[in-house]
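K.L.:
What follows is structure03.tsv; its format and atoms are TSV, C-alpha atoms.
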```
chain	number	residue	atom	x	y	z
Z	1	MET	CA	-54.22	140.89	128.88
Z	2	PRO	CA	-55.86	143.76	126.93
Z	3	GLN	CA	-55.45	147.32	128.17
Z	4	LYS	CA	-58.46	149.53	128.90
Z	5	THR	CA	-58.75	153.23	128.05
Z	6	LEU	CA	-61.13	155.77	129.59
Z	7	GLU	CA	-61.40	159.54	129.27
Z	8	VAL	CA	-61.94	162.27	131.82
Z	9	ALA	CA	-64.11	164.65	129.80
Z	10	LEU	CA	-63.10	168.21	130.64
Z	11	GLY	CA	-63.25	169.93	127.27
Z	12	ASP	CA	-59.84	171.03	126.04
Z	13	ARG	CA	-58.33	169.68	129.28
Z	14	SER	CA	-59.68	166.15	128.78
Z	15	TYR	CA	-57.20	163.34	129.28
Z	16	PRO	CA	-57.02	159.56	128.94
Z	17	ILE	CA	-56.64	156.94	131.65
Z	18	LEU	CA	-54.84	153.81	130.44
Z	19	ILE	CA	-55.20	150.67	132.56
Z	20	GLY	CA	-53.45	147.33	132.12
Z	21	PRO	CA	-50.15	145.46	132.20
Z	22	GLY	CA	-46.90	146.59	130.56
Z	23	LEU	CA	-47.56	150.34	130.56
Z	24	LEU	CA	-44.27	151.29	132.24
Z	25	GLY	CA	-42.33	149.71	129.39
Z	26	GLN	CA	-44.51	151.61	126.91
Z	27	ALA	CA	-44.38	154.90	128.80
Z	28	GLY	CA	-42.29	156.73	126.22
Z	29	ALA	CA	-44.70	155.92	123.42
Z	30	HIS	CA	-47.68	157.17	125.44
Z	31	LEU	CA	-45.95	160.27	126.81
Z	32	GLY	CA	-44.23	161.31	123.60
Z	33	PRO	CA	-47.25	163.02	121.99
Z	34	HIS	CA	-47.55	165.24	125.07
Z	35	LEU	CA	-43.94	166.48	124.95
Z	36	THR	CA	-42.61	169.54	123.14
Z	37	ARG	CA	-39.06	168.29	123.75
Z	38	PRO	CA	-37.83	164.81	124.75
Z	39	LYS	CA	-37.26	165.54	128.43
Z	40	VAL	CA	-39.16	164.67	131.64
Z	41	ALA	CA	-38.60	165.01	135.37
Z	42	ILE	CA	-39.61	162.04	137.54
Z	43	ILE	CA	-40.64	162.45	141.18
Z	44	THR	CA	-40.95	159.16	143.03
Z	45	ASP	CA	-40.23	157.60	146.41
Z	46	GLU	CA	-37.22	155.60	147.51
Z	47	THR	CA	-39.08	152.30	147.90
Z	48	LEU	CA	-40.66	152.43	144.46
Z	49	ALA	CA	-37.43	153.60	142.83
Z	50	SER	CA	-35.73	150.41	143.98
Z	51	LEU	CA	-38.52	148.25	142.54
Z	52	HIS	CA	-39.76	149.79	139.28
Z	53	LEU	CA	-37.76	152.87	138.27
Z	54	LYS	CA	-35.54	150.94	135.85
Z	55	THR	CA	-38.58	149.65	133.95
Z	56	LEU	CA	-39.94	153.18	133.55
Z	57	GLU	CA	-36.54	154.52	132.52
Z	58	ALA	CA	-36.20	151.80	129.88
Z	59	GLY	CA	-39.65	152.71	128.54
Z	60	LEU	CA	-38.62	156.37	128.27
Z	61	GLU	CA	-35.24	155.63	126.72
Z	62	ALA	CA	-36.83	153.42	124.08
Z	63	ALA	CA	-38.59	156.55	122.84
Z	64	GLY	CA	-35.48	158.74	123.13
Z	65	ILE	CA	-36.76	160.68	126.14
Z	66	SER	CA	-34.16	161.93	128.63
Z	67	HIS	CA	-35.02	161.95	132.32
Z	68	ALA	CA	-33.88	162.96	135.78
Z	69	THR	CA	-35.27	161.58	139.04
Z	70	LEU	CA	-35.90	162.84	142.56
Z	71	ALA	CA	-36.69	160.11	145.09
Z	72	LEU	CA	-38.32	161.21	148.32
Z	73	ALA	CA	-38.94	159.22	151.49
Z	74	ALA	CA	-41.91	156.86	151.26
Z	75	GLY	CA	-44.95	157.47	153.44
Z	76	GLU	CA	-47.73	159.94	154.21
Z	77	ALA	CA	-45.39	162.10	156.33
Z	78	THR	CA	-43.68	163.23	153.10
Z	79	LYS	CA	-46.71	165.36	152.18
Z	80	ASN	CA	-45.33	168.43	153.95
Z	81	TRP	CA	-44.00	171.94	153.21
Z	82	SER	CA	-40.37	170.87	153.45
Z	83	ASP	CA	-40.57	168.06	150.89
Z	84	LEU	CA	-42.79	170.17	148.64
Z	85	GLY	CA	-40.14	172.89	148.70
Z	86	ARG	CA	-37.44	170.35	147.99
Z	87	ALA	CA	-39.39	169.06	144.98
Z	88	VAL	CA	-40.00	172.55	143.57
Z	89	GLU	CA	-36.37	173.63	143.99
Z	90	TRP	CA	-35.22	170.42	142.33
Z	91	LEU	CA	-37.55	170.96	139.38
Z	92	LEU	CA	-36.19	174.49	138.99
Z	93	SER	CA	-32.64	173.13	139.07
Z	94	GLN	CA	-33.61	170.77	136.24
Z	95	GLN	CA	-34.86	173.79	134.25
Z	96	ILE	CA	-38.30	172.28	133.83
Z	97	GLU	CA	-40.44	174.54	131.66
Z	98	ARG	CA	-44.23	174.96	131.48
Z	99	ASP	CA	-44.56	172.67	128.47
Z	100	ASP	CA	-42.37	169.93	129.92
Z	101	LEU	CA	-43.86	167.00	131.84
Z	102	VAL	CA	-43.37	166.21	135.49
Z	103	LEU	CA	-44.01	162.50	136.07
Z	104	ALA	CA	-45.66	161.66	139.39
Z	105	PHE	CA	-44.44	158.08	139.71
Z	106	GLY	CA	-45.76	156.50	142.88
Z	107	GLY	CA	-48.72	156.14	145.16
Z	108	GLY	CA	-51.12	158.78	146.35
Z	109	VAL	CA	-48.50	160.63	148.40
Z	110	ILE	CA	-46.21	161.18	145.43
Z	111	GLY	CA	-49.11	161.90	143.09
Z	112	ASP	CA	-50.48	164.58	145.42
Z	113	LEU	CA	-47.13	166.18	146.19
Z	114	ALA	CA	-45.66	166.06	142.67
Z	115	GLY	CA	-48.93	167.28	141.19
Z	116	PHE	CA	-49.00	170.22	143.62
Z	117	ALA	CA	-45.36	171.03	142.84
Z	118	ALA	CA	-46.25	171.08	139.13
Z	119	ALA	CA	-49.29	173.25	139.84
Z	120	ILE	CA	-47.28	175.99	141.56
Z	121	LEU	CA	-44.06	175.78	139.54
Z	122	ARG	CA	-43.98	178.65	137.02
Z	123	ARG	CA	-47.72	179.07	137.81
Z	124	GLY	CA	-48.49	175.70	136.26
Z	125	VAL	CA	-46.36	173.02	134.62
Z	126	ALA	CA	-47.83	169.99	132.85
Z	127	PHE	CA	-47.64	166.64	134.60
Z	128	ALA	CA	-48.66	163.02	134.17
Z	129	GLN	CA	-49.79	160.54	136.79
Z	130	ILE	CA	-48.15	157.10	136.81
Z	131	PRO	CA	-49.85	155.59	139.88
Z	132	THR	CA	-48.27	152.49	141.39
Z	133	THR	CA	-50.66	151.52	144.19
Z	134	LEU	CA	-54.23	150.30	143.91
Z	135	LEU	CA	-55.37	153.29	145.94
Z	136	ALA	CA	-53.71	155.76	143.57
Z	137	GLN	CA	-54.86	153.92	140.45
Z	138	VAL	CA	-58.53	153.98	141.43
Z	139	ASP	CA	-58.71	157.34	143.14
Z	140	SER	CA	-56.00	159.90	143.79
Z	141	SER	CA	-54.44	159.89	140.30
Z	142	VAL	CA	-57.75	160.83	138.66
Z	143	GLY	CA	-59.47	164.17	139.01
Z	144	GLY	CA	-56.72	166.73	139.51
Z	145	LYS	CA	-56.67	167.05	143.29
Z	146	THR	CA	-53.14	167.79	144.46
Z	147	GLY	CA	-51.78	168.92	147.80
Z	148	ILE	CA	-50.03	168.34	151.08
Z	149	ASN	CA	-51.09	167.83	154.70
Z	150	ALA	CA	-51.02	170.31	157.58
Z	151	PRO	CA	-50.92	169.70	161.33
Z	152	HIS	CA	-54.58	170.80	161.35
Z	153	GLY	CA	-55.64	168.09	158.91
Z	154	LYS	CA	-55.17	166.20	155.68
Z	155	ASN	CA	-54.95	167.80	152.22
Z	156	LEU	CA	-55.77	171.28	153.54
Z	157	ILE	CA	-53.14	172.89	151.29
Z	158	GLY	CA	-53.36	172.24	147.57
Z	159	ALA	CA	-54.76	173.03	144.16
Z	160	PHE	CA	-56.86	171.52	141.40
Z	161	HIS	CA	-54.40	170.70	138.60
Z	162	GLN	CA	-55.41	168.10	136.01
Z	163	PRO	CA	-52.80	165.71	134.57
Z	164	ARG	CA	-52.21	165.27	130.85
Z	165	LEU	CA	-52.72	161.52	131.14
Z	166	VAL	CA	-52.81	158.65	133.64
Z	167	LEU	CA	-50.89	155.40	133.11
Z	168	ALA	CA	-52.07	152.70	135.53
Z	169	ASP	CA	-49.78	149.69	135.05
Z	170	THR	CA	-51.35	146.74	136.82
Z	171	ASP	CA	-48.07	144.79	136.79
Z	172	VAL	CA	-46.71	146.94	139.63
Z	173	LEU	CA	-49.51	145.80	141.93
Z	174	THR	CA	-47.84	142.40	142.21
Z	175	THR	CA	-45.11	143.93	144.41
Z	176	LEU	CA	-47.53	145.70	146.77
Z	177	PRO	CA	-47.60	144.33	150.33
Z	178	LYS	CA	-51.00	142.80	151.13
Z	179	ARG	CA	-51.81	145.53	153.64
Z	180	GLN	CA	-51.14	148.25	151.05
Z	181	PHE	CA	-53.27	146.46	148.48
Z	182	LEU	CA	-56.19	146.10	150.90
Z	183	SER	CA	-55.82	149.75	151.84
Z	184	GLY	CA	-56.42	150.58	148.18
Z	185	TYR	CA	-59.36	148.22	148.14
Z	186	GLY	CA	-60.99	150.49	150.72
Z	187	GLU	CA	-61.34	153.10	147.95
Z	188	VAL	CA	-62.65	150.50	145.48
Z	189	VAL	CA	-65.42	149.47	147.89
Z	190	LYS	CA	-66.27	153.14	148.37
Z	191	TYR	CA	-67.35	153.44	144.73
Z	192	GLY	CA	-69.88	150.64	145.04
Z	193	LEU	CA	-71.16	152.01	148.33
Z	194	LEU	CA	-71.62	155.55	147.08
Z	195	GLY	CA	-73.31	154.93	143.75
Z	196	ASP	CA	-73.43	151.41	142.30
Z	197	GLU	CA	-74.94	148.53	144.26
Z	198	VAL	CA	-74.38	146.21	141.30
Z	199	PHE	CA	-70.65	146.94	141.52
Z	200	PHE	CA	-70.74	146.27	145.27
Z	201	ASP	CA	-72.49	142.94	144.56
Z	202	TRP	CA	-69.69	142.16	142.10
Z	203	LEU	CA	-67.07	143.00	144.71
Z	204	GLU	CA	-68.72	140.75	147.28
Z	205	MET	CA	-68.45	137.92	144.77
Z	206	ASN	CA	-65.01	138.68	143.32
Z	207	GLY	CA	-63.14	140.60	146.03
Z	208	PRO	CA	-61.21	137.64	147.50
Z	209	ALA	CA	-59.99	136.44	144.07
Z	210	LEU	CA	-59.13	140.00	143.10
Z	211	ALA	CA	-57.04	140.38	146.27
Z	212	SER	CA	-55.37	137.04	145.59
Z	213	GLY	CA	-54.00	138.27	142.27
Z	214	ASP	CA	-56.54	137.68	139.49
Z	215	GLU	CA	-55.37	140.29	136.98
Z	216	ALA	CA	-58.53	140.39	134.87
Z	217	LEU	CA	-60.62	141.08	137.97
Z	218	ARG	CA	-58.17	143.74	139.11
Z	219	ILE	CA	-58.33	145.51	135.76
Z	220	GLU	CA	-62.13	145.46	135.83
Z	221	ALA	CA	-62.26	146.82	139.39
Z	222	ILE	CA	-59.87	149.63	138.48
Z	223	ARG	CA	-61.75	150.36	135.25
Z	224	ARG	CA	-65.14	150.64	136.95
Z	225	SER	CA	-63.74	152.74	139.81
Z	226	CYS	CA	-62.03	155.14	137.39
Z	227	GLU	CA	-65.13	155.26	135.20
Z	228	MET	CA	-67.29	156.31	138.13
Z	229	LYS	CA	-64.79	158.92	139.29
Z	230	ALA	CA	-64.32	160.31	135.77
Z	231	GLU	CA	-68.08	160.73	135.35
Z	232	ILE	CA	-68.37	162.62	138.63
Z	233	VAL	CA	-65.29	164.80	137.99
Z	234	ALA	CA	-66.63	165.73	134.53
Z	235	ARG	CA	-69.84	166.97	136.20
Z	236	ASP	CA	-68.21	168.72	139.15
Z	237	GLU	CA	-64.48	169.32	138.75
Z	238	THR	CA	-63.94	171.55	141.79
Z	239	GLU	CA	-66.17	169.75	144.29
Z	240	ARG	CA	-69.09	172.16	144.50
Z	241	GLY	CA	-71.73	169.45	144.25
Z	242	ASP	CA	-71.69	165.76	143.27
Z	243	ARG	CA	-67.95	165.36	143.67
Z	244	ALA	CA	-68.31	165.57	147.43
Z	245	LEU	CA	-69.88	162.09	147.26
Z	246	LEU	CA	-66.39	160.75	146.51
Z	247	ASN	CA	-65.56	161.62	150.11
Z	248	LEU	CA	-67.76	158.86	151.50
Z	249	GLY	CA	-65.85	157.58	154.54
Z	250	HIS	CA	-63.31	160.40	154.37
Z	251	THR	CA	-64.76	162.79	156.96
Z	252	PHE	CA	-64.22	160.11	159.61
Z	253	GLY	CA	-61.16	158.63	157.90
Z	254	HIS	CA	-59.20	161.87	157.63
Z	255	ALA	CA	-59.87	162.64	161.30
Z	256	LEU	CA	-58.57	159.20	162.25
Z	257	GLU	CA	-55.47	159.69	160.10
Z	258	ALA	CA	-54.77	163.00	161.82
Z	259	ALA	CA	-55.37	161.35	165.21
Z	260	THR	CA	-52.77	158.70	164.41
Z	261	GLY	CA	-50.22	161.22	163.12
Z	262	TYR	CA	-50.42	160.12	159.46
Z	263	SER	CA	-48.36	157.11	160.48
Z	264	ASP	CA	-48.44	153.44	159.60
Z	265	ARG	CA	-50.81	152.91	162.52
Z	266	LEU	CA	-53.53	153.66	159.99
Z	267	LEU	CA	-53.16	153.73	156.20
Z	268	HIS	CA	-55.41	156.04	154.18
Z	269	GLY	CA	-57.57	153.30	152.69
Z	270	GLU	CA	-57.93	151.68	156.12
Z	271	GLY	CA	-59.26	154.98	157.44
Z	272	VAL	CA	-61.65	155.17	154.49
Z	273	ALA	CA	-62.91	151.63	155.14
Z	274	ILE	CA	-63.55	152.35	158.82
Z	275	GLY	CA	-65.05	155.70	157.79
Z	276	CYS	CA	-67.46	154.01	155.38
Z	277	ALA	CA	-68.59	151.63	158.12
Z	278	LEU	CA	-69.11	154.59	160.47
Z	279	ALA	CA	-70.95	156.60	157.78
Z	280	PHE	CA	-73.39	153.74	157.22
Z	281	GLU	CA	-73.84	153.23	160.95
Z	282	LEU	CA	-74.53	156.94	161.38
Z	283	SER	CA	-77.00	156.79	158.49
Z	284	GLN	CA	-78.82	153.94	160.22
Z	285	ARG	CA	-78.90	155.78	163.57
Z	286	LEU	CA	-80.33	158.84	161.81
Z	287	GLY	CA	-83.04	156.71	160.22
Z	288	HIS	CA	-81.81	156.99	156.62
Z	289	CYS	CA	-81.13	153.29	156.01
Z	290	ALA	CA	-81.95	149.88	157.45
Z	291	GLN	CA	-79.61	148.06	159.85
Z	292	GLU	CA	-78.90	145.57	157.07
Z	293	ALA	CA	-76.78	148.15	155.20
Z	294	PRO	CA	-74.07	148.85	157.82
Z	295	SER	CA	-74.02	145.17	158.72
Z	296	ARG	CA	-73.42	144.26	155.08
Z	297	VAL	CA	-70.64	146.84	154.75
Z	298	ARG	CA	-68.80	145.51	157.78
Z	299	ALA	CA	-69.34	141.88	156.75
Z	300	HIS	CA	-67.67	142.44	153.38
Z	301	LEU	CA	-64.75	144.38	154.86
Z	302	ARG	CA	-64.20	141.63	157.43
Z	303	ALA	CA	-64.41	138.96	154.71
Z	304	MET	CA	-61.57	140.80	152.96
Z	305	GLY	CA	-59.51	140.89	156.15
Z	306	MET	CA	-59.78	144.67	156.50
Z	307	LYS	CA	-60.15	147.07	159.39
Z	308	THR	CA	-63.79	147.92	160.14
Z	309	ASP	CA	-63.91	149.57	163.58
Z	310	LEU	CA	-62.03	151.95	165.87
Z	311	GLY	CA	-61.02	148.88	167.85
Z	312	ASP	CA	-58.91	147.76	164.89
Z	313	ILE	CA	-56.62	150.81	165.24
Z	314	PRO	CA	-53.67	150.19	167.59
Z	315	GLY	CA	-52.77	152.72	170.27
Z	316	ASP	CA	-54.66	155.55	171.88
Z	317	LEU	CA	-57.23	157.72	170.13
Z	318	PRO	CA	-58.78	161.05	171.15
Z	319	ASP	CA	-62.19	160.97	172.81
Z	320	ALA	CA	-65.35	161.60	170.81
Z	321	ASP	CA	-65.08	165.39	171.16
Z	322	GLY	CA	-61.44	165.25	170.07
Z	323	LEU	CA	-62.36	163.30	166.95
Z	324	ILE	CA	-65.18	165.73	166.16
Z	325	ALA	CA	-62.73	168.63	166.50
Z	326	LEU	CA	-60.49	166.96	163.93
Z	327	MET	CA	-63.49	166.38	161.66
Z	328	ALA	CA	-64.25	170.11	161.88
Z	329	GLN	CA	-60.98	170.76	159.99
Z	330	ASP	CA	-62.33	168.90	156.95
Z	331	LYS	CA	-62.09	170.80	153.64
Z	332	LYS	CA	-65.84	170.49	153.10
Z	333	VAL	CA	-66.78	172.40	156.26
Z	334	LYS	CA	-68.94	175.45	155.46
Z	335	ALA	CA	-70.00	178.08	158.00
Z	336	GLY	CA	-68.69	175.76	160.69
Z	337	GLN	CA	-70.95	172.88	159.65
Z	338	ILE	CA	-69.37	169.50	158.95
Z	339	ALA	CA	-70.49	167.87	155.71
Z	340	PHE	CA	-71.35	164.21	156.14
Z	341	ILE	CA	-71.68	161.75	153.26
Z	342	LEU	CA	-74.56	159.53	154.32
Z	343	ALA	CA	-76.51	156.74	152.63
Z	344	ARG	CA	-80.08	155.57	152.14
Z	345	GLY	CA	-78.72	152.14	151.24
Z	346	ILE	CA	-75.88	150.45	149.36
Z	347	GLY	CA	-75.17	152.60	146.30
Z	348	GLU	CA	-77.36	155.50	147.45
Z	349	SER	CA	-75.21	158.17	149.08
Z	350	PHE	CA	-75.98	161.85	149.62
Z	351	VAL	CA	-74.45	164.92	151.28
Z	352	SER	CA	-75.92	166.31	154.49
Z	353	ARG	CA	-74.93	169.33	156.57
Z	354	ASP	CA	-77.90	168.97	158.90
Z	355	VAL	CA	-76.72	166.22	161.23
Z	356	ASP	CA	-77.40	166.08	164.95
Z	357	MET	CA	-73.88	166.14	166.41
Z	358	ASP	CA	-75.14	164.55	169.63
Z	359	ILE	CA	-75.90	161.41	167.62
Z	360	VAL	CA	-72.43	161.53	166.04
Z	361	ARG	CA	-70.89	161.98	169.50
Z	362	SER	CA	-72.90	159.06	170.92
Z	363	MET	CA	-71.89	156.79	168.04
Z	364	LEU	CA	-68.20	157.65	168.45
Z	365	ARG	CA	-68.36	157.11	172.21
Z	366	ASP	CA	-69.90	153.69	171.64
Z	367	ALA	CA	-67.19	152.86	169.10
Z	368	LEU	CA	-64.41	154.04	171.43
Z	369	HIS	CA	-65.75	152.00	174.33
Z	370	SER	CA	-66.46	148.83	172.39
Z	371	PRO	CA	-64.83	145.64	173.73
Z	372	ALA	CA	-62.56	145.49	170.67
Z	373	ARG	CA	-61.37	149.07	171.31
Z	374	GLN	CA	-60.64	148.29	174.95
Z	375	ARG	CA	-58.41	145.39	173.87
Z	376	ALA	CA	-56.52	147.48	171.28
```
Show the structure stored in the file as structure tokens.
P.N.:
Amino acid sequence: MPQKTLEVALGDRSYPILIGPGLLGQAGAHLGPHLTRPKVAIITDETLASLHLKTLEAGLEAAGISHATLALAAGEATKNWSDLGRAVEWLLSQQIERDDLVLAFGGGVIGDLAGFAAAILRRGVAFAQIPTTLLAQVDSSVGGKTGINAPHGKNLIGAFHQPRLVLADTDVLTTLPKRQFLSGYGEVVKYGLLGDEVFFDWLEMNGPALASGDEALRIEAIRRSCEMKAEIVARDETERGDRALLNLGHTFGHALEAATGYSDRLLHGEGVAIGCALAFELSQRLGHCAQEAPSRVRAHLRAMGMKTDLGDIPGDLPDADGLIALMAQDKKVKAGQIAFILARGIGESFVSRDVDMDIVRSMLRDALHSPARQRA
């Protein structure tokens, strides 16, 4: 299966994204040109270390690159001050210098935390993203957003710190649990919904086969997702304009993640999927799009076996005002106004800060009191 290569065009900080099978075994060859000495520090999680660390280590050793590894607990709860401090202190103990490479080897949690550790260590150490989940390969590994969570909300503490390169080995996706894979698919769908109806059409046709393991389809979905993100990041690196569109579904999704304690009650991509459905429903209630659009979004998510509504989240949730309060902690809030990513149709998203919160409140109340929610 041929590998694909894209570039995030940021002038002298541009970097490649490599997508395809076998990249872990070739890691040393790809990382070597970015090293001033043959030494790297790997930050990963315990689950991934047991599955794929040996393959990465063999790829490094084949190129004569020495390595040390820190394995943190798996899961969103690891994105905290304590584990960040542990990672930084460990990197200092390994005498990692500015021109060395920190390898963020894992899903979005590890990529965000290890990238943030690299950003603040010695005021900026180089790092590379080696994403191992679909979610990380199509989204969090690209674009330089790093950070940790706070009790007030998700990703409120962090920095923009671009990697030197991204190695997205599609072989590792074969060991992902189905729920984790579909969580990542929530971010893939987002790209079609925000700016490419043709891609969404393609996903409607190919999504089930992609989820079932068709590698060529997976590579194409990752390639197109990364291509769209790279184009937006190149235009708006620090999220002052177009890049906010990448948060379609996230204003609702992040609030739901906070409401569920960043636990396995709701994975990130599941929150994004529900958030996309809510964003399209809100758009329809505000008169921006026809009813067909939110119906089509939910139909595809259901066809993929994904969460689509608040009723799909187990356990209690805050009331509508409680959810809005959590949404008000979103990073994109300005002068107290929540930024909503809305849509005029599939593939036609836009940012709005002028949204009637009574309509948002009514929609959330309806969602919380739906029959499915009452059964949850």
K.L.:
Using only C-alpha atoms, which protein or nucleic acid residues come within 9 Å of Met363 of chain Z? Drop anything in the same chain fewer than 5 positions from it, and give the result as a list in words.
P.N.:
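Returned residues: Leu278, Glu281, Leu282, Arg285, Ala320, Asp358 and Leu368 of chain Z.
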K.L.:
Kindly indicate which residue among Z:Gln3, Z:Gln129, Z:Ser50, Z:Ser349 lies nearest to Leu72 of chain Z, using all atoms listed in the file for the distances.
P.N.:
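Among the listed residues, the smallest separation from Leu72 of chain Z belongs to Z:Ser50.
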K.L.:
Determine, for each residue of segment 253-322 of chain Z having at least one atom at most 12 Å from an atom of segment 93-116 of chain Z, the closest pair of atoms and their separation in Å to one decimal, counting all atoms listed in the file; order by chain and ascending number, as a Markdown table.
P.N.:
```
| residue | atom | partner | partner_atom | distance |
| --- | --- | --- | --- | --- |
| Z:Tyr262 | CA | Z:Val109 | CA | 11.2 |
| Z:Leu267 | CA | Z:Gly108 | CA | 11.3 |
| Z:His268 | CA | Z:Gly108 | CA | 9.3 |
| Z:Gly269 | CA | Z:Gly108 | CA | 10.6 |
```
K.L.:
Just give me the residues with any atom within 12 Å of (-50.5, 148.8, 154.7), file coordinates, counting all atoms listed in the file, written as an MDAnalysis selection string.
P.N.:
chainID Z and resid 75:76 133:135 176:186 263:271 306:307
K.L.:
Just checking: using all atoms listed in the file, which residue out of Z:Leu35, Z:Val333, Z:Ile346, Z:Ala168 ends up closest to Tyr191 of chain Z?
P.N.:
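Answer, going by the shortest atom-to-atom distance: Z:Ile346.
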K.L.:
For atom CA of Gly336 of chain Z and atom CA of Gly153 of chain Z, determine how far apart the two atoms are, in Å to one decimal place.
P.N.:
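Separating atom CA of Gly336 of chain Z from atom CA of Gly153 of chain Z is a distance of 15.2 Å.
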K.L.:
Quote the spacing between atom CA of Pro21 of chain Z and atom CA of Glu7 of chain Z in Å to one decimal place.
P.N.:
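So the two atoms, atom CA of Pro21 of chain Z and atom CA of Glu7 of chain Z, lie 18.3 Å apart.
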K.L.:
Grab the atom CA of Gly241 of chain Z to atom CA of His254 of chain Z distance for me, in Å with one decimal place.
P.N.:
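Going from atom CA of Gly241 of chain Z over to atom CA of His254 of chain Z covers 19.8 Å.
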K.L.:
Taking the point (-72.6, 147.2, 158.0) as given in the file, collect each protein or nucleic acid residue that comes within 10 Å of it, counting only C-alpha atoms, and present the set as a ChimeraX atom specification.
P.N.:
/Z:276-281,284,290-301,308,346
K.L.:
If we count only C-alpha atoms, what is near Ala221 of chain Z at a cut-off of 8 Å, once residues fewer than 4 positions away on the same chain are taken out, given as a list in words?
P.N.:
Val188, Leu217 and Ser225 of chain Z
K.L.:
Those same residues - C-alpha atoms - I'd like them written as an mmCIF file, in the coordinates of the input.
P.N.:
```
data_model
loop_
_atom_site.group_PDB
_atom_site.id
_atom_site.type_symbol
_atom_site.label_atom_id
_atom_site.label_comp_id
_atom_site.auth_asym_id
_atom_site.auth_seq_id
_atom_site.Cartn_x
_atom_site.Cartn_y
_atom_site.Cartn_z
ATOM 1 C CA VAL Z 188 -62.650 150.500 145.480
ATOM 2 C CA LEU Z 217 -60.620 141.080 137.970
ATOM 3 C CA SER Z 225 -63.740 152.740 139.810
#
```
K.L.:
Quick one: which segment 225-331 of chain Z residues come within 8 Å of segment 8-13 of chain Z, and what is the nearest atom pair for each with the distance in Å to one decimal, counting only C-alpha atoms, rows ordered by chain and ascending number, as JSON lines?
P.N.:
```
{"residue": "Z:Ala230", "atom": "CA", "partner": "Z:Val8", "partner_atom": "CA", "distance": 5.0}
{"residue": "Z:Glu231", "atom": "CA", "partner": "Z:Val8", "partner_atom": "CA", "distance": 7.2}
{"residue": "Z:Val233", "atom": "CA", "partner": "Z:Val8", "partner_atom": "CA", "distance": 7.5}
{"residue": "Z:Ala234", "atom": "CA", "partner": "Z:Ala9", "partner_atom": "CA", "distance": 5.5}
```
K.L.:
When distances are computed from only C-alpha atoms, which of Z:Leu210, Z:Ala136, Z:Ile219, Z:Leu53 shows the smallest separation from Ile19 of chain Z?
P.N.:
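Counting only C-alpha atoms, the residue closest to Ile19 of chain Z is Z:Ile219.
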K.L.:
Mind working out the centre and edge lengths of an axis-aligned box for segment 74-90 of chain Z, all listed atoms inside, 3 Å added to each side, rounded to one decimal in Å and written as lines of an AutoDock Vina configuration file?
P.N.:
```
center_x = -41.5
center_y = 165.2
center_z = 149.3
size_x = 18.5
size_y = 22.8
size_z = 20.0
```
K.L.:
Nearest to Ile232 of chain Z: which of Z:Gly261, Z:Pro208, Z:Gly195, Z:Gly253 is it, counting all atoms listed in the file?
P.N.:
Z:Gly195
